[in-house]
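**Q** The structure that follows is given in the form of structure tokens.
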Amino acid sequence: MFTALSNRRRRNVITYLKQHGDGARVRDIAEQLAAWENGLEIPEVTYKQRKRVYTALHQSHLPKLAESGFIDYESDRGIVSLTEESRQLEVYLEVVSENEILWGEYYVGLAVVCGLLGGAAWIGTVPFASVSGYAYAVLFAVLFGVSGLVHRRSTRRNRLG
């Protein structure tokens, strides 16, 4: 699984298939991947850019994904489809836009903030010492609970396909 996902182009193939459905043509996949890799719109992709991606897909990436069992690749027809086994990959493909942080980083930051607040209260720093420990416990539980709900909603929204 990790070998299949170790290459950005193979991850992009899975992303494309999840977004565009099964039975995609290799030519269409190559065109979209060339656009993504070069930061272009599809009409702006040159023949050379598309051909470079197409060749790599045909010779290396699609056979590896097919060998791993994540796609069905009919090389003679140039058709690619996801298999049921590809569902296993979703947990490893966290989709994050450019202006977002990873949820793991968010939770570490939240834990640090909660730890600093608790530490400030523990050593008697004003005004943190005047808040009861129960209030901090409720505050932290609410923060992590709300964060978990937002995380769940975001994960569903960003799920590939």
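Just so we're on the same page: first chain in the structure tokens is A, next is B, and so on; residues restart at 1 for each chain, and ligands are numbered from 1 in the order they show up.
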Report as a Markdown table the residues of region 67-155 of chain A within 6 Å of region 16-25 of chain A, each with its shortest atom pair and distance in Å (one decimal), using only C-alpha atoms, ordered by chain and increasing residue number.
**A**
```
| residue | atom | partner | partner_atom | distance |
| --- | --- | --- | --- | --- |
| A:Gly78 | CA | A:Arg25 | CA | 5.6 |
| A:Ile79 | CA | A:Arg25 | CA | 4.7 |
| A:Val80 | CA | A:Ala24 | CA | 5.3 |
| A:Ser81 | CA | A:Asp22 | CA | 4.5 |
```
**Q** Enter the distance from CA of Tyr134 (chain A) to CA of Ala111 (chain A), in Å, rounded to one decimal.
**A**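 CA of Tyr134 (chain A) sits 17.2 Å away from CA of Ala111 (chain A).
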**Q** So which bits of region 19-75 of chain A end up strand (DSSP E) when you DSSP the backbone, as a list in words?
**A**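 After running DSSP on the backbone, region 19-75 of chain A has strand (DSSP E) at Ala24, Arg25, Ile71, Asp72, Tyr73 and Glu74 of chain A.
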**Q** Just the residues within 12 Å of Arg8 (chain A), please, counting only C-alpha atoms, with nothing from its chain fewer than 2 positions along; format it as a PyMOL selection string.
**A** chain A and resi 2-6+10-15+33+36-37+57+61+93
**Q** Export C-alpha atoms of the chosen residues as a PDB file, in the first residue's frame?
**A**
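Contents of the output file result-v3.pdb:
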```pdb
ATOM      1  CA  PHE A   2       2.730   2.456   0.945  1.00  0.00           C
ATOM      2  CA  THR A   3       4.734   1.603  -2.150  1.00  0.00           C
ATOM      3  CA  ALA A   4       1.706   2.394  -4.285  1.00  0.00           C
ATOM      4  CA  LEU A   5       1.196   5.727  -2.509  1.00  0.00           C
ATOM      5  CA  SER A   6       4.866   6.670  -2.281  1.00  0.00           C
ATOM      6  CA  ARG A  10       0.195   7.510  -8.412  1.00  0.00           C
ATOM      7  CA  ARG A  11      -1.642   9.376  -5.647  1.00  0.00           C
ATOM      8  CA  ASN A  12      -2.899  11.813  -8.281  1.00  0.00           C
ATOM      9  CA  VAL A  13      -4.176   8.924 -10.405  1.00  0.00           C
ATOM     10  CA  ILE A  14      -6.227   7.681  -7.443  1.00  0.00           C
ATOM     11  CA  THR A  15      -7.464  11.223  -6.789  1.00  0.00           C
ATOM     12  CA  LEU A  33      -2.068  15.161 -14.215  1.00  0.00           C
ATOM     13  CA  TRP A  36      -1.851  19.694 -12.073  1.00  0.00           C
ATOM     14  CA  GLU A  37       1.902  19.149 -12.205  1.00  0.00           C
ATOM     15  CA  LEU A  57       1.721   6.311 -16.485  1.00  0.00           C
ATOM     16  CA  HIS A  61       2.619   3.954 -12.517  1.00  0.00           C
ATOM     17  CA  LEU A  93      -5.117  10.278   1.499  1.00  0.00           C
TER      18      LEU A  93
END
```
**Q** What's the separation between CA of Ile29 (chain A) and CA of Glu41 (chain A), in Å to one decimal place?
**A**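 Taking CA of Ile29 (chain A) as the start and CA of Glu41 (chain A) as the end point, the length is 13.5 Å.
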**Q** Quick one, how far is CA of Phe140 (chain A) from CA of Phe128 (chain A)?
**A**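 Interatomic distance, CA of Phe140 (chain A) to CA of Phe128 (chain A): 14.0 Å.
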**Q** Ala30 (chain A): which residues within 6 Å, counting only C-alpha atoms, same-chain residues fewer than 6 positions away excluded, as a PyMOL selection string?
**A** chain A and resi 50+53-54
**Q** List the neighbours of Ala34 (chain A) out to 10 Å using only C-alpha atoms; skip same-chain residues closer than 4 positions along the sequence, and give me the result as a short mmCIF file (atom, residue, chain, number, x, y, z; two decimals) with C-alpha atoms, in the first residue's frame.
**A**
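Produced file around.cif, reproduced below:
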```cif
data_model
loop_
_atom_site.label_atom_id
_atom_site.label_comp_id
_atom_site.auth_asym_id
_atom_site.auth_seq_id
_atom_site.Cartn_x
_atom_site.Cartn_y
_atom_site.Cartn_z
CA ARG A 9 1.75 10.78 -9.61
CA ASP A 28 -7.63 12.01 -19.96
CA ILE A 29 -5.79 11.10 -16.77
CA ALA A 30 -2.45 12.08 -18.31
CA ASN A 38 2.53 22.25 -14.30
CA GLY A 39 -0.02 24.50 -12.60
CA LEU A 40 -2.00 24.93 -15.81
CA GLU A 41 -5.54 24.58 -17.04
CA ILE A 42 -6.14 21.54 -19.28
CA GLU A 44 -2.92 25.08 -21.78
CA VAL A 45 -1.13 21.70 -21.47
CA THR A 46 1.33 21.12 -24.31
CA TYR A 47 1.68 17.91 -26.25
CA LYS A 48 5.14 17.36 -24.76
CA GLN A 49 3.89 17.75 -21.16
CA ARG A 50 0.98 15.38 -21.76
CA LYS A 51 3.15 12.82 -23.56
CA ARG A 52 5.73 12.78 -20.74
CA VAL A 53 3.03 12.00 -18.16
CA TYR A 54 1.25 9.52 -20.44
#
```
**Q** Nearest to Trp122 (chain A) among A:Gln59, A:Glu31, A:Tyr73, A:Tyr136, with distances taken over only C-alpha atoms: which residue is it?
**A** A:Tyr136
**Q** With a distance cut-off of 12 Å and only C-alpha atoms, select the neighbouring residues of Val142 (chain A), excluding the residue or stretch itself and same-chain residues fewer than 6 positions from it, and output the selection as a JSON list (two decimals) with N, CA and C atoms, in the first residue's frame.
**A**
```json
[["chain", "number", "residue", "atom", "x", "y", "z"],
["A", 110, "LEU", "N", -3.51, 22.53, 19.81],
["A", 110, "LEU", "CA", -4.57, 22.67, 20.81],
["A", 110, "LEU", "C", -4.13, 22.09, 22.15],
["A", 114, "CYS", "N", -3.80, 24.15, 25.66],
["A", 114, "CYS", "CA", -4.46, 23.68, 26.89],
["A", 114, "CYS", "C", -3.44, 23.41, 28.00],
["A", 135, "ALA", "N", -13.68, 24.18, 35.75],
["A", 135, "ALA", "CA", -13.97, 25.05, 34.61],
["A", 135, "ALA", "C", -12.97, 24.77, 33.48],
["A", 136, "TYR", "N", -11.69, 24.57, 33.84],
["A", 136, "TYR", "CA", -10.69, 24.22, 32.82],
["A", 136, "TYR", "C", -11.02, 22.88, 32.18],
["A", 148, "GLY", "N", -13.31, 17.94, 17.34],
["A", 148, "GLY", "CA", -13.59, 16.63, 16.77],
["A", 148, "GLY", "C", -14.75, 16.65, 15.80],
["A", 149, "LEU", "N", -15.81, 17.39, 16.16],
["A", 149, "LEU", "CA", -16.97, 17.51, 15.27],
["A", 149, "LEU", "C", -16.62, 18.23, 13.97]]
```
